file start_6.cif (mmCIF, C-alpha atoms)
data_data
#
loop_
_atom_site.label_atom_id
_atom_site.label_comp_id
_atom_site.auth_asym_id
_atom_site.auth_seq_id
_atom_site.Cartn_x
_atom_site.Cartn_y
_atom_site.Cartn_z
CA MET A 1 0.00 0.00 0.00
CA TYR A 2 2.76 2.46 0.98
CA HIS A 3 5.97 2.27 -1.04
CA HIS A 4 8.17 4.72 0.81
CA LEU A 5 8.26 7.60 3.27
CA ARG A 6 10.35 10.73 2.78
CA GLY A 7 10.68 13.34 5.51
CA LYS A 8 12.77 14.81 8.31
CA LEU A 9 14.25 12.41 10.86
CA ILE A 10 13.34 13.88 14.26
CA GLU A 11 13.84 10.89 16.59
CA LEU A 12 15.98 7.75 16.39
CA SER A 13 16.61 4.77 18.64
CA SER A 14 17.96 1.31 17.91
CA LEU A 15 14.66 -0.07 16.63
CA ASN A 16 12.49 2.99 16.04
CA ALA A 17 12.55 6.20 14.04
CA VAL A 18 10.16 9.13 13.86
CA VAL A 19 9.95 10.76 10.45
CA GLU A 20 8.00 14.00 10.06
CA THR A 21 6.31 14.89 6.80
CA SER A 22 3.76 17.68 6.26
CA GLY A 23 3.50 18.19 10.02
CA VAL A 24 2.78 14.53 10.77
CA GLY A 25 5.23 12.40 12.73
CA TRP A 26 5.34 8.78 11.56
CA ASP A 27 6.47 6.21 14.13
CA VAL A 28 8.45 3.70 12.09
CA HIS A 29 9.86 0.39 13.35
CA VAL A 30 13.32 -0.19 11.87
CA PRO A 31 15.97 -2.92 12.17
CA LEU A 32 19.45 -2.20 13.50
CA SER A 33 20.79 -2.45 9.95
CA THR A 34 18.76 0.65 9.09
CA SER A 35 19.11 2.66 12.32
CA SER A 36 22.89 2.24 12.34
CA LEU A 37 23.12 3.66 8.82
CA LEU A 38 20.89 6.60 9.72
CA GLY A 39 23.54 7.39 12.34
CA GLU A 40 23.61 11.02 13.41
CA GLY A 41 21.14 12.17 10.74
CA LEU A 42 18.67 13.87 13.09
CA GLY A 43 17.10 16.87 11.43
CA GLU A 44 18.02 15.66 7.95
CA GLU A 45 15.75 14.34 5.22
CA VAL A 46 15.62 10.56 4.93
CA LEU A 47 13.94 8.09 2.62
CA LEU A 48 12.66 4.81 4.02
CA TYR A 49 11.10 2.00 2.01
CA THR A 50 8.06 0.98 3.99
CA HIS A 51 5.94 -2.05 4.82
CA LEU A 52 2.56 -1.57 6.50
CA LEU A 53 1.50 -4.44 8.75
CA VAL A 54 -2.24 -4.74 9.38
CA ARG A 55 -3.47 -7.46 11.75
CA GLU A 56 -6.87 -7.17 13.43
CA ASP A 57 -6.45 -4.06 15.63
CA VAL A 58 -2.70 -3.77 15.01
CA LEU A 59 -1.36 -1.19 12.56
CA LYS A 60 2.43 -0.88 12.37
CA LEU A 61 4.72 0.79 9.88
CA PHE A 62 8.18 -0.65 9.21
CA GLY A 63 10.94 1.18 7.37
CA PHE A 64 14.16 0.17 5.62
CA LEU A 65 16.96 2.06 3.93
CA THR A 66 17.14 -0.40 1.05
CA THR A 67 14.63 -2.38 -0.96
CA GLU A 68 16.72 -5.52 -0.27
CA GLU A 69 16.11 -5.12 3.47
CA ARG A 70 12.38 -4.72 2.90
CA GLU A 71 12.23 -7.72 0.56
CA LEU A 72 14.06 -9.93 3.05
CA PHE A 73 11.78 -8.71 5.86
CA ARG A 74 8.75 -9.71 3.78
CA LEU A 75 10.25 -13.09 2.97
CA LEU A 76 10.80 -13.75 6.67
CA LEU A 77 7.20 -12.77 7.48
CA SER A 78 5.94 -15.29 4.92
CA VAL A 79 7.23 -18.17 7.07
CA SER A 80 4.82 -19.53 9.68
CA GLY A 81 6.07 -18.77 13.18
CA THR A 82 8.09 -15.74 12.12
CA GLY A 83 6.46 -12.48 13.16
CA PRO A 84 7.73 -8.93 12.74
CA ALA A 85 9.66 -9.04 16.03
CA ILE A 86 11.78 -12.01 14.94
CA ALA A 87 12.19 -10.57 11.44
CA LEU A 88 13.58 -7.34 12.93
CA LYS A 89 15.88 -9.29 15.24
CA ALA A 90 17.18 -11.26 12.27
CA LEU A 91 17.99 -8.07 10.36
CA SER A 92 19.56 -6.65 13.52
CA ALA A 93 21.79 -9.66 14.19
CA PHE A 94 23.05 -10.04 10.61
CA THR A 95 23.64 -7.90 7.56
CA VAL A 96 21.35 -8.55 4.62
CA GLY A 97 24.17 -10.36 2.82
CA GLU A 98 24.99 -12.56 5.83
CA LEU A 99 21.38 -13.55 6.44
CA ILE A 100 20.71 -14.35 2.80
CA SER A 101 23.93 -16.35 2.63
CA ASP A 102 22.94 -18.40 5.71
CA LEU A 103 19.51 -19.11 4.25
CA SER A 104 20.77 -20.06 0.81
CA SER A 105 23.51 -22.30 2.26
CA SER A 106 21.12 -23.94 4.78
CA ASP A 107 23.22 -22.82 7.77
CA VAL A 108 20.72 -23.76 10.49
CA ASN A 109 23.23 -23.31 13.34
CA SER A 110 23.94 -19.73 12.33
CA LEU A 111 20.23 -18.90 12.11
CA LYS A 112 19.70 -20.28 15.62
CA ARG A 113 21.77 -17.34 16.90
CA ILE A 114 18.78 -15.09 16.26
CA LYS A 115 16.94 -14.53 19.54
CA GLY A 116 13.65 -16.45 19.46
CA VAL A 117 14.69 -18.82 16.68
CA GLY A 118 15.09 -22.46 17.66
CA LYS A 119 16.13 -25.45 15.58
CA LYS A 120 12.67 -26.17 14.15
CA LEU A 121 12.05 -22.58 13.08
CA ALA A 122 15.56 -22.28 11.65
CA GLU A 123 14.98 -25.43 9.60
CA ARG A 124 11.61 -24.09 8.41
CA LEU A 125 13.24 -20.81 7.37
CA VAL A 126 15.82 -22.69 5.33
CA LEU A 127 13.25 -25.02 3.77
CA GLU A 128 10.91 -22.24 2.68
CA LEU A 129 13.37 -19.46 1.85
CA ARG A 130 16.50 -21.18 0.57
CA ASP A 131 15.68 -20.82 -3.13
CA LYS A 132 14.16 -17.35 -2.78
CA ALA A 133 17.16 -16.17 -0.73
CA GLY A 134 19.49 -17.49 -3.40
CA LEU A 135 17.78 -15.33 -6.01
CA LEU A 136 17.99 -12.28 -3.75
CA LEU A 137 21.67 -12.97 -3.05
CA ALA A 138 22.37 -13.08 -6.77
CA GLY A 139 20.71 -9.69 -7.09
CA LEU A 140 22.85 -8.25 -4.29
CA GLU A 141 26.05 -9.53 -5.86
CA THR A 142 25.05 -8.01 -9.18
CA SER A 143 24.31 -4.61 -7.62
CA GLY A 144 27.47 -4.74 -5.51
CA ALA A 145 25.69 -4.10 -2.19
CA SER A 146 28.09 -4.49 0.70
CA GLY A 147 25.99 -4.03 3.85
CA THR A 148 28.60 -1.80 5.47
CA SER A 149 27.85 1.27 7.54
CA PRO A 150 29.63 4.46 8.60
CA GLN A 151 31.85 4.54 11.65
CA GLU A 152 30.35 5.42 15.02
CA GLY A 153 31.69 7.72 17.74
CA GLN A 154 33.77 7.02 20.85
CA GLY A 155 33.74 3.85 22.96
CA GLY A 156 31.34 5.20 25.58
CA ARG A 157 28.78 6.11 22.94
CA ILE A 158 29.21 2.71 21.29
CA HIS A 159 28.56 0.90 24.58
CA GLU A 160 25.48 3.05 25.24
CA LEU A 161 23.96 2.32 21.84
CA ALA A 162 24.73 -1.39 22.09
CA LEU A 163 23.28 -1.73 25.59
CA SER A 164 20.12 0.13 24.57
CA ALA A 165 19.66 -2.12 21.53
CA LEU A 166 20.02 -5.36 23.50
CA VAL A 167 17.60 -4.21 26.18
CA GLU A 168 15.06 -3.31 23.47
CA LEU A 169 15.56 -6.79 22.01
CA GLY A 170 14.50 -8.36 25.31
CA TYR A 171 17.74 -8.91 27.26
CA SER A 172 18.04 -7.91 30.91
CA ALA A 173 20.31 -4.95 31.66
CA ARG A 174 22.80 -7.24 33.40
CA ASP A 175 22.90 -9.76 30.56
CA ALA A 176 23.11 -6.99 27.97
CA ARG A 177 26.06 -5.36 29.73
CA SER A 178 27.92 -8.67 29.97
CA ARG A 179 27.33 -9.43 26.30
CA VAL A 180 28.45 -5.98 25.19
CA GLU A 181 31.64 -6.12 27.23
CA THR A 182 32.48 -9.59 25.88
CA ALA A 183 31.71 -8.53 22.31
CA TRP A 184 33.86 -5.40 22.69
CA GLN A 185 36.85 -7.43 23.86
CA LEU A 186 36.46 -9.98 21.06
CA LEU A 187 36.35 -7.24 18.45
CA ARG A 188 39.44 -5.55 19.90
CA GLU A 189 41.34 -8.84 19.88
CA ARG A 190 40.62 -9.22 16.17
CA MET A 191 42.13 -5.87 15.31
CA GLU A 192 45.48 -5.72 13.56
CA PRO A 193 48.48 -6.10 15.95
CA GLY A 194 49.61 -2.71 17.15
CA SER A 195 46.34 -1.00 16.25
CA ALA A 196 44.64 0.82 19.12
CA ASP A 197 42.12 2.79 17.10
CA GLU A 198 38.88 1.74 18.81
CA GLU A 199 36.95 4.22 16.68
CA THR A 200 36.98 1.63 13.91
CA ILE A 201 34.61 -0.49 16.01
CA ARG A 202 30.97 0.34 15.24
CA ALA A 203 27.96 -0.05 17.53
CA GLU A 204 26.44 -2.31 14.87
CA ASP A 205 29.50 -4.59 15.09
CA VAL A 206 29.27 -4.80 18.89
CA ILE A 207 25.55 -5.60 18.83
CA ARG A 208 25.89 -8.29 16.18
CA GLU A 209 28.78 -9.90 18.05
CA ALA A 210 26.80 -9.79 21.30
CA LEU A 211 23.78 -11.42 19.63
CA LYS A 212 25.91 -14.19 18.19
CA ASN A 213 27.44 -15.17 21.53
CA SER A 214 25.07 -17.06 23.80
#
call {"tool": "encode", "arguments": {"input": "start_6.cif", "output": "structure tokens"}}
result
Amino acid sequence: MYHHLRGKLIELSSLNAVVETSGVGWDVHVPLSTSSLLGEGLGEEVLLYTHLLVREDVLKLFGFLTTEERELFRLLLSVSGTGPAIALKALSAFTVGELISDLSSSDVNSLKRIKGVGKKLAERLVLELRDKAGLLLAGLETSGASGTSPQEGQGGRIHELALSALVELGYSARDARSRVETAWQLLRERMEPGSADEETIRAEDVIREALKNS
């Protein structure tokens, strides 16, 4: 019904954005892959490709920076047992390329890292989306999409964003803090020997690493 939304970004959190157009503020649910790319764009004009979810008395608007994100979100929703919450968590835990690759290669163990996805649901996702994901992956490779995002700010800001995202995804504050600290250390250990530039570590990287470590 709605193809996209263009307007001024006036609020942004890990999984939500408020976009104002013609005096109306639209509350849009977004995955981490989108919010991390919006970065510090408050007050600037943004374009989000939208998906309107209508279920009984529920009316929710979801937004994505790319059509590939939106297409993958819709594919995930088409699988029984996968609601919008799990679809957003999937796009928050992995880049579009990573998630499509896991689906097309039938990597059930990797998909089980998504919060709320067990073995049976992971197998169902692979069974129903493997071929479709393969076609989408081919399209990404042709267009050269990389799934990367701009660098974030200092370490304290990174930790704050990561903690906020994990709490919004359903983790307790204590568990979220432990996961973020572990993820931060793992990412630092992977840096080139002699490199101490922590600004190369993005909040998106920390959150994804935290979600992948149970």
call {"tool": "closest_residue", "arguments": {"input": "start_6.cif", "among": "A:Tyr171, A:Phe64, A:Trp26, A:Phe73", "to": "Leu99 of chain A", "atoms": "all atoms listed in the file"}}
result
A:Phe73
call {"tool": "atom_distance", "arguments": {"input": "start_6.cif", "atom1": "atom CA of Val46 of chain A", "atom2": "atom CA of Glu20 of chain A"}}
result
9.8 Å
call {"tool": "closest_residue", "arguments": {"input": "start_6.cif", "among": "A:Glu98, A:Glu45, A:Asp131, A:Asp205", "to": "Glu69 of chain A", "atoms": "all atoms listed in the file"}}
result
A:Glu98
call {"tool": "closest_residue", "arguments": {"input": "start_6.cif", "among": "A:Leu187, A:Ile86, A:Ala17, A:Val58", "to": "Leu125 of chain A", "atoms": "all atoms listed in the file"}}
result
A:Ile86
call {"tool": "closest_residue", "arguments": {"input": "start_6.cif", "among": "A:Arg74, A:Arg124, A:Arg179, A:His4", "to": "Leu53 of chain A", "atoms": "all atoms listed in the file"}}
result
A:Arg74
call {"tool": "atom_distance", "arguments": {"input": "start_6.cif", "atom1": "atom CA of Trp184 of chain A", "atom2": "atom CA of Leu88 of chain A"}}
result
22.6 Å
call {"tool": "closest_residue", "arguments": {"input": "start_6.cif", "among": "A:Leu9, A:Val19, A:Val206, A:Leu121", "to": "Val79 of chain A", "atoms": "all atoms listed in the file"}}
result
A:Leu121
call {"tool": "closest_residue", "arguments": {"input": "start_6.cif", "among": "A:Leu127, A:Ile158, A:Ala87, A:Leu186", "to": "Lys115 of chain A", "atoms": "only C-alpha atoms"}}
result
A:Ala87
call {"tool": "atom_distance", "arguments": {"input": "start_6.cif", "atom1": "atom CA of Lys119 of chain A", "atom2": "atom CA of Asp107 of chain A"}}
result
10.9 Å
call {"tool": "resolve_selection", "arguments": {"input": "start_6.cif", "expression": "the PyMOL selection byres ((chain A and resi 12) around 10)", "output": "list in words"}}
result
Leu9, Ile10, Glu11, Ser13, Ser14, Leu15, Asn16, Ala17, Val18, Val19, Asp27, Val28, Val30, Ser35, Ser36, Leu38, Gly39, Glu40, Gly41 and Leu42 of chain A
call {"tool": "write_last_selection", "arguments": {"input": "start_6.cif", "atoms": "C-alpha atoms", "output": "compact mmCIF listing (two decimals), in the frame of the given file"}}
result
# COMPACT_ATOMS: atom_id res chain seq x y z
CA LEU A 9 14.25 12.41 10.86
CA ILE A 10 13.34 13.88 14.26
CA GLU A 11 13.84 10.89 16.59
CA SER A 13 16.61 4.77 18.64
CA SER A 14 17.96 1.31 17.91
CA LEU A 15 14.66 -0.07 16.63
CA ASN A 16 12.49 2.99 16.04
CA ALA A 17 12.55 6.20 14.04
CA VAL A 18 10.16 9.13 13.86
CA VAL A 19 9.95 10.76 10.45
CA ASP A 27 6.47 6.21 14.13
CA VAL A 28 8.45 3.70 12.09
CA VAL A 30 13.32 -0.19 11.87
CA SER A 35 19.11 2.66 12.32
CA SER A 36 22.89 2.24 12.34
CA LEU A 38 20.89 6.60 9.72
CA GLY A 39 23.54 7.39 12.34
CA GLU A 40 23.61 11.02 13.41
CA GLY A 41 21.14 12.17 10.74
CA LEU A 42 18.67 13.87 13.09
call {"tool": "resolve_selection", "arguments": {"input": "start_6.cif", "expression": "the PyMOL selection byres ((chain A and resi 65) around 8)", "output": "PyMOL selection string"}}
result
chain A and resi 34+47-49+63-64+66-67+69
call {"tool": "decode", "arguments": {"input": "start_6.cif", "residues": "segment 28-131 of chain A", "atoms": "C-alpha atoms", "output": "PDB file, in the first residue's frame"}}
result
ATOM      1  CA  VAL A  28       8.452   3.697  12.091  1.00  0.00           C
ATOM      2  CA  HIS A  29       9.857   0.395  13.347  1.00  0.00           C
ATOM      3  CA  VAL A  30      13.320  -0.192  11.872  1.00  0.00           C
ATOM      4  CA  PRO A  31      15.973  -2.925  12.170  1.00  0.00           C
ATOM      5  CA  LEU A  32      19.452  -2.197  13.496  1.00  0.00           C
ATOM      6  CA  SER A  33      20.790  -2.454   9.946  1.00  0.00           C
ATOM      7  CA  THR A  34      18.758   0.646   9.091  1.00  0.00           C
ATOM      8  CA  SER A  35      19.108   2.662  12.318  1.00  0.00           C
ATOM      9  CA  SER A  36      22.893   2.242  12.345  1.00  0.00           C
ATOM     10  CA  LEU A  37      23.120   3.657   8.820  1.00  0.00           C
ATOM     11  CA  LEU A  38      20.894   6.598   9.719  1.00  0.00           C
ATOM     12  CA  GLY A  39      23.543   7.387  12.345  1.00  0.00           C
ATOM     13  CA  GLU A  40      23.606  11.019  13.411  1.00  0.00           C
ATOM     14  CA  GLY A  41      21.142  12.172  10.742  1.00  0.00           C
ATOM     15  CA  LEU A  42      18.668  13.867  13.090  1.00  0.00           C
ATOM     16  CA  GLY A  43      17.104  16.868  11.430  1.00  0.00           C
ATOM     17  CA  GLU A  44      18.017  15.662   7.952  1.00  0.00           C
ATOM     18  CA  GLU A  45      15.754  14.343   5.219  1.00  0.00           C
ATOM     19  CA  VAL A  46      15.623  10.559   4.933  1.00  0.00           C
ATOM     20  CA  LEU A  47      13.937   8.089   2.618  1.00  0.00           C
ATOM     21  CA  LEU A  48      12.659   4.810   4.024  1.00  0.00           C
ATOM     22  CA  TYR A  49      11.103   1.998   2.008  1.00  0.00           C
ATOM     23  CA  THR A  50       8.058   0.981   3.989  1.00  0.00           C
ATOM     24  CA  HIS A  51       5.944  -2.045   4.820  1.00  0.00           C
ATOM     25  CA  LEU A  52       2.561  -1.571   6.496  1.00  0.00           C
ATOM     26  CA  LEU A  53       1.499  -4.441   8.754  1.00  0.00           C
ATOM     27  CA  VAL A  54      -2.244  -4.743   9.384  1.00  0.00           C
ATOM     28  CA  ARG A  55      -3.466  -7.461  11.752  1.00  0.00           C
ATOM     29  CA  GLU A  56      -6.871  -7.165  13.430  1.00  0.00           C
ATOM     30  CA  ASP A  57      -6.452  -4.058  15.628  1.00  0.00           C
ATOM     31  CA  VAL A  58      -2.695  -3.767  15.009  1.00  0.00           C
ATOM     32  CA  LEU A  59      -1.363  -1.193  12.558  1.00  0.00           C
ATOM     33  CA  LYS A  60       2.429  -0.882  12.372  1.00  0.00           C
ATOM     34  CA  LEU A  61       4.718   0.791   9.878  1.00  0.00           C
ATOM     35  CA  PHE A  62       8.179  -0.650   9.206  1.00  0.00           C
ATOM     36  CA  GLY A  63      10.936   1.182   7.366  1.00  0.00           C
ATOM     37  CA  PHE A  64      14.155   0.166   5.617  1.00  0.00           C
ATOM     38  CA  LEU A  65      16.959   2.063   3.925  1.00  0.00           C
ATOM     39  CA  THR A  66      17.145  -0.404   1.045  1.00  0.00           C
ATOM     40  CA  THR A  67      14.626  -2.380  -0.955  1.00  0.00           C
ATOM     41  CA  GLU A  68      16.718  -5.516  -0.272  1.00  0.00           C
ATOM     42  CA  GLU A  69      16.111  -5.122   3.473  1.00  0.00           C
ATOM     43  CA  ARG A  70      12.385  -4.723   2.901  1.00  0.00           C
ATOM     44  CA  GLU A  71      12.226  -7.720   0.558  1.00  0.00           C
ATOM     45  CA  LEU A  72      14.059  -9.931   3.050  1.00  0.00           C
ATOM     46  CA  PHE A  73      11.778  -8.710   5.859  1.00  0.00           C
ATOM     47  CA  ARG A  74       8.748  -9.706   3.779  1.00  0.00           C
ATOM     48  CA  LEU A  75      10.248 -13.091   2.973  1.00  0.00           C
ATOM     49  CA  LEU A  76      10.800 -13.749   6.672  1.00  0.00           C
ATOM     50  CA  LEU A  77       7.199 -12.766   7.478  1.00  0.00           C
ATOM     51  CA  SER A  78       5.939 -15.287   4.918  1.00  0.00           C
ATOM     52  CA  VAL A  79       7.229 -18.172   7.066  1.00  0.00           C
ATOM     53  CA  SER A  80       4.819 -19.526   9.676  1.00  0.00           C
ATOM     54  CA  GLY A  81       6.072 -18.770  13.180  1.00  0.00           C
ATOM     55  CA  THR A  82       8.090 -15.740  12.117  1.00  0.00           C
ATOM     56  CA  GLY A  83       6.461 -12.481  13.162  1.00  0.00           C
ATOM     57  CA  PRO A  84       7.733  -8.925  12.737  1.00  0.00           C
ATOM     58  CA  ALA A  85       9.662  -9.042  16.027  1.00  0.00           C
ATOM     59  CA  ILE A  86      11.777 -12.011  14.940  1.00  0.00           C
ATOM     60  CA  ALA A  87      12.186 -10.568  11.437  1.00  0.00           C
ATOM     61  CA  LEU A  88      13.581  -7.337  12.926  1.00  0.00           C
ATOM     62  CA  LYS A  89      15.879  -9.286  15.244  1.00  0.00           C
ATOM     63  CA  ALA A  90      17.180 -11.261  12.272  1.00  0.00           C
ATOM     64  CA  LEU A  91      17.993  -8.075  10.359  1.00  0.00           C
ATOM     65  CA  SER A  92      19.561  -6.650  13.523  1.00  0.00           C
ATOM     66  CA  ALA A  93      21.790  -9.659  14.188  1.00  0.00           C
ATOM     67  CA  PHE A  94      23.047 -10.037  10.609  1.00  0.00           C
ATOM     68  CA  THR A  95      23.644  -7.901   7.564  1.00  0.00           C
ATOM     69  CA  VAL A  96      21.350  -8.553   4.624  1.00  0.00           C
ATOM     70  CA  GLY A  97      24.167 -10.364   2.816  1.00  0.00           C
ATOM     71  CA  GLU A  98      24.994 -12.561   5.826  1.00  0.00           C
ATOM     72  CA  LEU A  99      21.381 -13.550   6.438  1.00  0.00           C
ATOM     73  CA  ILE A 100      20.712 -14.346   2.797  1.00  0.00           C
ATOM     74  CA  SER A 101      23.926 -16.354   2.634  1.00  0.00           C
ATOM     75  CA  ASP A 102      22.942 -18.398   5.710  1.00  0.00           C
ATOM     76  CA  LEU A 103      19.506 -19.113   4.252  1.00  0.00           C
ATOM     77  CA  SER A 104      20.774 -20.064   0.805  1.00  0.00           C
ATOM     78  CA  SER A 105      23.512 -22.296   2.255  1.00  0.00           C
ATOM     79  CA  SER A 106      21.122 -23.936   4.781  1.00  0.00           C
ATOM     80  CA  ASP A 107      23.215 -22.822   7.773  1.00  0.00           C
ATOM     81  CA  VAL A 108      20.724 -23.758  10.495  1.00  0.00           C
ATOM     82  CA  ASN A 109      23.231 -23.311  13.340  1.00  0.00           C
ATOM     83  CA  SER A 110      23.941 -19.728  12.334  1.00  0.00           C
ATOM     84  CA  LEU A 111      20.234 -18.897  12.107  1.00  0.00           C
ATOM     85  CA  LYS A 112      19.700 -20.282  15.621  1.00  0.00           C
ATOM     86  CA  ARG A 113      21.771 -17.343  16.905  1.00  0.00           C
ATOM     87  CA  ILE A 114      18.785 -15.093  16.260  1.00  0.00           C
ATOM     88  CA  LYS A 115      16.942 -14.528  19.535  1.00  0.00           C
ATOM     89  CA  GLY A 116      13.651 -16.445  19.462  1.00  0.00           C
ATOM     90  CA  VAL A 117      14.688 -18.817  16.681  1.00  0.00           C
ATOM     91  CA  GLY A 118      15.091 -22.457  17.662  1.00  0.00           C
ATOM     92  CA  LYS A 119      16.132 -25.445  15.578  1.00  0.00           C
ATOM     93  CA  LYS A 120      12.667 -26.166  14.145  1.00  0.00           C
ATOM     94  CA  LEU A 121      12.047 -22.583  13.082  1.00  0.00           C
ATOM     95  CA  ALA A 122      15.561 -22.282  11.651  1.00  0.00           C
ATOM     96  CA  GLU A 123      14.978 -25.430   9.598  1.00  0.00           C
ATOM     97  CA  ARG A 124      11.606 -24.088   8.408  1.00  0.00           C
ATOM     98  CA  LEU A 125      13.235 -20.809   7.370  1.00  0.00           C
ATOM     99  CA  VAL A 126      15.818 -22.695   5.334  1.00  0.00           C
ATOM    100  CA  LEU A 127      13.249 -25.016   3.774  1.00  0.00           C
ATOM    101  CA  GLU A 128      10.906 -22.237   2.677  1.00  0.00           C
ATOM    102  CA  LEU A 129      13.366 -19.459   1.847  1.00  0.00           C
ATOM    103  CA  ARG A 130      16.503 -21.184   0.570  1.00  0.00           C
ATOM    104  CA  ASP A 131      15.683 -20.818  -3.131  1.00  0.00           C
TER     105      ASP A 131
END
